file input28.cif (mmCIF, C-alpha atoms and all ligand atoms)
data_final
loop_
_atom_site.label_atom_id
_atom_site.label_comp_id
_atom_site.auth_asym_id
_atom_site.auth_seq_id
_atom_site.Cartn_x
_atom_site.Cartn_y
_atom_site.Cartn_z
CA MET A 890 192.27 56.75 38.41
CA THR A 891 195.84 55.77 37.67
CA GLU A 892 197.52 54.12 34.71
CA THR A 893 197.66 50.84 36.59
CA ASN A 894 193.88 50.44 36.35
CA PRO A 895 192.71 47.53 34.21
CA ALA A 896 191.02 48.54 30.96
CA PRO A 897 187.22 48.72 31.40
CA ILE A 898 186.57 45.77 29.09
CA VAL A 899 183.52 43.51 29.48
CA ASP A 900 184.42 39.80 29.48
CA THR A 901 181.44 38.21 27.76
CA ALA A 902 183.02 34.71 27.81
CA THR A 903 182.39 34.46 31.56
CA ARG A 904 178.62 34.96 31.31
CA ARG A 905 176.57 32.59 33.43
CA GLU A 906 172.93 31.65 33.92
CA ILE A 907 171.90 32.72 37.45
CA ALA A 908 168.27 31.56 37.08
CA PRO A 909 166.43 29.84 34.21
CA GLY A 910 166.75 32.17 31.23
CA VAL A 911 168.48 34.93 33.23
CA ILE A 912 172.11 35.42 32.25
CA VAL A 913 174.64 37.79 33.81
CA ILE A 914 177.93 38.95 32.34
CA PRO A 915 179.75 39.68 35.61
CA ASP A 916 181.89 42.76 36.18
CA HIS A 917 184.77 40.87 37.88
CA ARG A 918 185.10 44.01 40.00
CA ILE A 919 186.83 45.81 37.16
CA PRO A 920 186.30 49.54 37.69
CA LEU A 921 183.87 51.03 35.15
CA VAL A 922 182.52 47.64 34.08
CA PRO A 923 178.93 46.96 35.18
CA ASN A 924 177.10 43.70 35.74
CA ILE A 925 175.15 43.15 32.51
CA GLY A 926 171.94 41.14 32.25
CA ILE A 927 170.13 39.18 29.55
CA VAL A 928 166.58 37.99 30.29
CA LEU A 929 165.05 35.48 27.89
CA GLY A 930 161.38 34.98 27.11
CA ASP A 931 159.81 32.81 24.42
CA HIS A 932 159.92 35.44 21.69
CA SER A 933 161.95 38.35 23.05
CA ALA A 934 165.08 39.01 25.08
CA LEU A 935 165.77 42.00 27.31
CA VAL A 936 169.33 43.32 27.67
CA VAL A 937 170.18 45.35 30.79
CA ASP A 938 173.17 47.71 30.33
CA THR A 939 175.99 47.52 27.77
CA GLY A 940 179.35 48.54 29.25
CA MET A 941 180.99 51.62 27.74
CA GLY A 942 182.14 52.32 24.22
CA PRO A 943 181.58 50.55 20.88
CA ARG A 944 184.00 47.67 21.51
CA ASN A 945 182.13 46.64 24.66
CA GLY A 946 178.74 47.31 23.06
CA ASN A 947 179.58 45.12 20.06
CA ALA A 948 180.93 42.32 22.27
CA VAL A 949 177.78 42.38 24.40
CA LEU A 950 175.59 42.39 21.29
CA ARG A 951 177.45 39.33 19.95
CA ALA A 952 176.99 37.51 23.27
CA VAL A 953 173.31 38.46 23.34
CA LYS A 954 172.79 37.05 19.84
CA GLU A 955 174.48 33.80 20.86
CA VAL A 956 172.16 33.25 23.80
CA ALA A 957 169.00 34.87 22.38
CA GLY A 958 169.06 33.29 18.91
CA ASP A 959 166.32 34.80 16.75
CA ARG A 960 164.38 36.38 19.62
CA LYS A 961 163.50 40.05 19.25
CA LEU A 962 165.88 42.22 21.25
CA ILE A 963 165.03 45.00 23.68
CA LEU A 964 167.75 47.09 25.33
CA THR A 965 167.19 49.07 28.50
CA LEU A 966 169.66 50.80 30.85
CA THR A 967 169.65 51.12 34.62
CA HIS A 968 170.71 54.79 34.23
CA PHE A 969 172.61 57.04 31.83
CA HIS A 970 176.11 56.81 33.34
CA PRO A 971 178.82 56.00 30.75
CA GLU A 972 179.86 52.55 31.99
CA HIS A 973 176.23 51.41 31.94
CA GLY A 974 174.92 52.84 28.70
CA PHE A 975 177.61 54.31 26.45
CA GLY A 976 177.86 51.04 24.55
CA ALA A 977 174.29 51.32 23.26
CA ALA A 978 175.11 52.51 19.72
CA PRO A 979 175.77 49.02 18.22
CA PHE A 980 172.26 48.03 19.35
CA LYS A 981 170.62 50.81 17.31
CA GLY A 982 168.49 49.22 14.60
CA LYS A 983 169.07 45.72 16.06
CA ALA A 984 167.16 46.13 19.33
CA ASN A 985 164.27 48.28 20.48
CA ILE A 986 166.01 50.72 22.83
CA LEU A 987 163.73 51.60 25.73
CA TYR A 988 164.39 54.15 28.53
CA ASN A 989 162.24 55.88 31.07
CA ARG A 990 161.61 59.53 30.21
CA ALA A 991 163.84 61.04 32.94
CA GLN A 992 166.73 58.78 31.96
CA GLY A 993 166.44 59.94 28.36
CA GLN A 994 166.49 63.56 29.53
CA ASP A 995 169.50 62.86 31.76
CA LEU A 996 171.42 61.37 28.82
CA ALA A 997 170.50 64.24 26.49
CA ALA A 998 171.46 66.90 29.03
CA LYS A 999 174.59 65.36 30.52
CA GLY A 1000 175.80 62.63 28.15
CA PRO A 1001 178.30 64.78 26.21
CA GLY A 1002 179.74 66.30 29.41
CA TYR A 1003 180.16 62.89 31.03
CA LEU A 1004 181.82 61.55 27.87
CA GLU A 1005 184.43 64.33 28.11
CA MET A 1006 184.88 63.86 31.86
CA PHE A 1007 185.41 60.09 31.50
CA ARG A 1008 187.83 60.53 28.58
CA GLY A 1009 189.96 62.59 30.94
CA MET A 1010 190.10 59.84 33.56
CA GLY A 1011 192.92 57.81 31.99
CA PRO A 1012 194.21 56.46 28.67
CA GLU A 1013 192.58 53.04 28.98
CA ILE A 1014 189.21 54.69 29.61
CA ALA A 1015 189.66 57.12 26.72
CA GLU A 1016 190.52 54.17 24.51
CA ALA A 1017 187.39 52.24 25.52
CA LEU A 1018 185.31 55.32 24.77
CA GLU A 1019 186.87 55.98 21.38
CA GLY A 1020 184.19 56.22 18.71
CA THR A 1021 181.37 56.41 21.25
CA GLU A 1022 178.14 57.66 19.78
CA LEU A 1023 175.35 58.73 22.11
CA VAL A 1024 172.11 57.32 20.75
CA GLU A 1025 168.56 58.19 21.69
CA ALA A 1026 166.08 55.57 22.76
CA ASP A 1027 163.55 54.27 20.20
CA GLU A 1028 160.86 54.35 22.87
CA PHE A 1029 160.34 56.14 26.18
CA TYR A 1030 157.88 55.23 28.89
CA ASP A 1031 156.29 57.58 31.40
CA GLY A 1032 155.28 56.83 34.95
CA ALA A 1033 156.78 54.72 37.70
CA GLU A 1034 156.38 51.31 36.12
CA HIS A 1035 156.50 49.63 32.74
CA GLU A 1036 155.80 45.98 32.08
CA ILE A 1037 157.34 44.08 29.17
CA ASP A 1038 156.02 40.75 27.87
CA LEU A 1039 158.97 38.67 26.64
CA GLY A 1040 156.72 35.71 25.80
CA GLY A 1041 155.76 33.45 28.71
CA ARG A 1042 157.57 35.82 31.04
CA LYS A 1043 156.95 39.36 32.14
CA VAL A 1044 159.61 41.78 33.29
CA VAL A 1045 158.94 44.99 35.19
CA LEU A 1046 160.94 48.21 34.81
CA ARG A 1047 160.47 50.52 37.78
CA ASN A 1048 161.74 53.98 38.71
CA TRP A 1049 161.30 56.48 41.51
CA GLY A 1050 162.53 59.67 39.92
CA MET A 1051 165.76 61.24 41.10
CA ALA A 1052 168.01 59.16 43.42
CA HIS A 1053 171.58 58.23 42.26
CA THR A 1054 170.71 60.05 39.00
CA ARG A 1055 167.53 61.61 37.61
CA GLY A 1056 166.30 58.41 35.97
CA ASP A 1057 167.49 55.31 37.87
CA GLN A 1058 165.59 52.19 36.99
CA ILE A 1059 165.51 48.65 38.33
CA VAL A 1060 164.64 45.57 36.30
CA TRP A 1061 162.53 43.00 38.16
CA VAL A 1062 162.02 39.45 36.89
CA PRO A 1063 159.19 38.20 39.14
CA ASP A 1064 159.08 34.54 38.07
CA ALA A 1065 162.78 34.14 38.88
CA GLY A 1066 162.91 36.53 41.85
CA VAL A 1067 165.83 38.36 40.21
CA LEU A 1068 166.31 42.10 40.70
CA PHE A 1069 168.79 44.22 38.73
CA THR A 1070 169.42 47.37 40.78
CA GLY A 1071 171.85 49.41 38.70
CA ASP A 1072 173.87 51.77 40.89
CA LEU A 1073 171.06 52.20 43.41
CA ALA A 1074 172.86 49.28 45.05
CA GLU A 1075 176.46 48.22 44.56
CA GLU A 1076 177.85 45.33 46.55
CA LYS A 1077 180.53 46.08 49.19
CA THR A 1078 181.12 49.40 47.49
CA PHE A 1079 180.68 52.87 48.96
CA PRO A 1080 177.58 54.20 47.15
CA ILE A 1081 178.42 56.64 44.38
CA PHE A 1082 177.06 60.10 45.08
CA PRO A 1083 177.96 61.93 41.85
CA TRP A 1084 177.88 65.31 43.63
CA PHE A 1085 179.76 67.66 41.31
CA PRO A 1086 178.35 71.12 42.00
CA PRO A 1087 177.64 73.16 40.00
CA ASP A 1088 177.79 70.74 37.01
CA ASP A 1089 175.81 67.83 38.38
CA THR A 1090 173.73 67.98 41.55
CA ASP A 1091 170.98 65.58 40.49
CA ILE A 1092 170.92 63.35 43.57
CA ASP A 1093 168.12 62.77 46.06
CA GLY A 1094 169.32 60.78 49.06
CA GLU A 1095 165.94 60.56 50.75
CA ASN A 1096 164.28 59.28 47.59
CA TRP A 1097 167.19 56.87 47.13
CA ILE A 1098 166.40 55.38 50.57
CA LYS A 1099 162.73 55.11 49.58
CA ALA A 1100 163.69 53.33 46.35
CA LEU A 1101 165.86 50.85 48.28
CA LYS A 1102 163.03 50.14 50.72
CA ASP A 1103 160.73 49.41 47.78
CA CYS A 1104 163.42 47.20 46.21
CA ALA A 1105 163.70 45.17 49.42
CA ALA A 1106 159.90 44.90 49.58
CA HIS A 1107 160.01 42.96 46.30
CA ARG A 1108 161.70 40.22 48.38
CA PRO A 1109 164.19 39.33 45.64
CA LYS A 1110 165.85 35.93 45.80
CA VAL A 1111 168.78 37.17 43.77
CA VAL A 1112 170.08 40.74 43.62
CA VAL A 1113 172.30 41.74 40.71
CA PRO A 1114 173.97 44.97 41.86
CA GLY A 1115 175.25 47.62 39.44
CA HIS A 1116 178.79 46.59 40.41
CA GLY A 1117 180.14 43.80 42.63
CA GLU A 1118 179.16 40.24 43.46
CA ILE A 1119 175.66 38.91 42.96
CA GLY A 1120 173.91 38.19 46.26
CA GLY A 1121 170.68 38.58 48.17
CA VAL A 1122 168.59 41.35 49.65
CA GLU A 1123 171.39 42.20 52.13
CA ILE A 1124 173.11 44.11 49.31
CA ILE A 1125 170.14 46.49 49.19
CA GLU A 1126 169.81 46.73 52.97
CA ASP A 1127 173.51 47.52 53.42
CA VAL A 1128 173.32 50.47 51.02
CA ARG A 1129 170.14 51.79 52.64
CA LYS A 1130 171.68 51.61 56.12
CA TYR A 1131 174.82 53.35 54.87
CA ILE A 1132 172.91 56.29 53.40
CA GLU A 1133 170.71 56.57 56.50
CA ASP A 1134 173.81 56.49 58.69
CA VAL A 1135 175.71 59.14 56.70
CA SER A 1136 172.62 61.36 56.68
CA ALA A 1137 172.13 61.04 60.46
CA LYS A 1138 175.80 61.65 61.22
CA VAL A 1139 175.94 64.77 59.03
CA ALA A 1140 172.69 66.09 60.51
CA ALA A 1141 174.10 65.68 64.04
CA ALA A 1142 177.40 67.33 63.10
CA LYS A 1143 175.58 70.28 61.52
CA VAL A 1144 173.55 70.84 64.69
CA SER A 1145 176.84 71.18 66.54
CA GLY A 1146 177.74 74.07 64.21
CA LYS A 1147 180.86 72.57 62.57
CA ASP A 1148 181.76 73.71 59.06
CA GLY A 1149 181.67 71.37 56.07
CA GLU A 1150 185.34 70.47 55.76
CA ALA A 1151 185.61 69.86 59.50
CA ILE A 1152 182.66 67.48 59.26
CA VAL A 1153 184.29 65.59 56.36
CA ALA A 1154 187.62 65.39 58.21
CA GLU A 1155 185.93 64.03 61.30
CA LEU A 1156 183.46 61.56 59.75
CA GLU A 1157 185.31 60.14 56.74
CA PRO A 1158 187.86 57.98 58.64
CA ALA A 1159 185.19 56.59 60.97
CA ILE A 1160 182.87 55.68 58.09
CA ARG A 1161 185.72 54.03 56.20
CA ALA A 1162 186.73 52.06 59.29
CA ALA A 1163 183.15 50.83 59.74
CA HIS A 1164 183.27 49.16 56.28
CA PRO A 1165 186.80 47.73 56.03
CA ASP A 1166 185.98 45.41 53.11
CA TRP A 1167 184.11 47.97 50.95
CA HIS A 1168 185.62 49.28 47.75
CA PHE A 1169 186.17 52.85 46.46
CA PRO A 1170 186.37 54.83 49.73
CA GLU A 1171 186.95 57.98 47.66
CA TRP A 1172 183.14 58.16 47.36
CA ILE A 1173 182.64 58.68 51.11
CA GLY A 1174 183.57 62.35 50.83
CA PHE A 1175 181.08 62.88 48.01
CA ALA A 1176 178.27 61.35 50.09
CA LEU A 1177 179.25 63.55 53.04
CA ARG A 1178 179.41 66.74 50.95
CA TYR A 1179 176.05 65.98 49.33
CA HIS A 1180 174.46 65.76 52.77
CA ILE A 1181 176.37 68.75 54.13
CA ASP A 1182 175.18 70.90 51.20
CA THR A 1183 171.57 69.72 51.15
CA LEU A 1184 170.50 68.85 54.71
CA LYS A 1185 168.64 71.69 56.41
ZN ZN A 1201 176.05 55.24 38.16
#
call {"tool": "encode", "arguments": {"input": "input28.cif", "output": "structure tokens"}}
result
Amino acid sequence: MTETNPAPIVDTATRREIAPGVIVIPDHRIPLVPNIGIVLGDHSALVVDTGMGPRNGNAVLRAVKEVAGDRKLILTLTHFHPEHGFGAAPFKGKANILYNRAQGQDLAAKGPGYLEMFRGMGPEIAEALEGTELVEADEFYDGAEHEIDLGGRKVVLRNWGMAHTRGDQIVWVPDAGVLFTGDLAEEKTFPIFPWFPPDDTDIDGENWIKALKDCAAHRPKVVVPGHGEIGGVEIIEDVRKYIEDVSAKVAAAKVSGKDGEAIVAELEPAIRAAHPDWHFPEWIGFALRYHIDTLK
């Protein structure tokens, strides 16, 4: 991160309806801004992610109230990472905040550490995070799937356990064919492997691939990635192929007996060159080191 980065501010004025009653506040490819969703039913509205910090959280809440009117509000997050959920505090008392159990545990265990880490990433990020309060969910669900009735429309929350984090969750809107993936799938972006041993090693690449296969099996018409442009199922397939490819390349290099840094030095430029239009190549090394450290 450098001081030339744009501030991680959510632009709620550019929200748009991508399917009947499904609204997205797009990220405009601003680093540390997620794609945010609002799904409307007859009597309730589900909000997916908040952006980070109270200013973003309040702006999203205002936008939600404008489109949702007097519907009851439910807030869920795709995972605990700061840019997705650290704007939840303004929703406390105004929405029913609902996480899966593992996501709640992830936030409780790692939220304060991530808040400090992100504050250190640049002044505009520290400013966005000023006054951030980490709030607990009002309700947790257990198990792989949780259905919500929004009134005339059901929405399915689904998780697979540890993948990009310990509690990643997708939001599936079956009647519209819209799938919110969180950071399980980012569009034209090198997947984020937050491999920070010994502080955070909660990644499971194999399970991540399984989750992406299940996501594709939903046959979504529209995929809203955690970051990047909205598209189709190819967003999910591209990420799956990337992780499979990195895993296979590292496995082959390990068989040849090379040490970790030699493997990174050899593979990183080739992987970057294979995806010339993908963003944030700094994450290639993290994906390589995760596989180097964990593959048998
Ligand atoms: Zn993330």
call {"tool": "atom_distance", "arguments": {"input": "input28.cif", "atom1": "atom CA of Thr1054 of chain A", "atom2": "atom CA of His968 of chain A"}}
result
7.1 Å
call {"tool": "residues_near_point", "arguments": {"input": "input28.cif", "point": "(165.0, 37.7, 37.9)", "cutoff": "12 Å", "atoms": "only C-alpha atoms", "output": "ChimeraX atom specification"}}
result
/A:906-913,926-930,935,937,1042-1046,1059-1070,1107-1113,1119,1121
call {"tool": "residues_near_ligand", "arguments": {"input": "input28.cif", "ligand": "ligand ZN 1201 (chain A)", "cutoff": "8 Å", "atoms": "all atoms listed in the file", "output": "list in words"}}
result
His968, Phe969, His970, Pro971, Glu972, His973, His1053, Thr1054, Gly1071, Asp1072, Leu1073, Ile1081, Pro1083 and Gly1115 of chain A
call {"tool": "axis_aligned_box", "arguments": {"input": "input28.cif", "around": "segment 1018-1031 of chain A", "padding_each_side": "4 Å", "output": "AutoDock Vina command-line options"}}
result
--center_x 171.6 --center_y 56.5 --center_z 25.1 --size_x 38.6 --size_y 12.5 --size_z 20.7
call {"tool": "residues_around", "arguments": {"input": "input28.cif", "residues": "Ala1026 of chain A", "least_positions_apart": "2", "cutoff": "7 Å", "atoms": "all atoms listed in the file", "output": "PyMOL selection string"}}
result
chain A and resi 986-988+1024+1028-1029
call {"tool": "write_last_selection", "arguments": {"input": "input28.cif", "atoms": "C-alpha atoms", "output": "PDB file, in the frame of the given file"}}
result
ATOM      1  CA  ILE A 986     166.010  50.720  22.830  1.00  0.00           C
ATOM      2  CA  LEU A 987     163.730  51.600  25.730  1.00  0.00           C
ATOM      3  CA  TYR A 988     164.390  54.150  28.530  1.00  0.00           C
ATOM      4  CA  VAL A1024     172.110  57.320  20.750  1.00  0.00           C
ATOM      5  CA  GLU A1028     160.860  54.350  22.870  1.00  0.00           C
ATOM      6  CA  PHE A1029     160.340  56.140  26.180  1.00  0.00           C
TER       7      PHE A1029
END
call {"tool": "residues_near_point", "arguments": {"input": "input28.cif", "point": "(178.2, 70.5, 40.4)", "cutoff": "12 Å", "atoms": "only C-alpha atoms", "output": "ChimeraX atom specification"}}
result
/A:999,1002,1082-1092,1175,1178-1179,1182
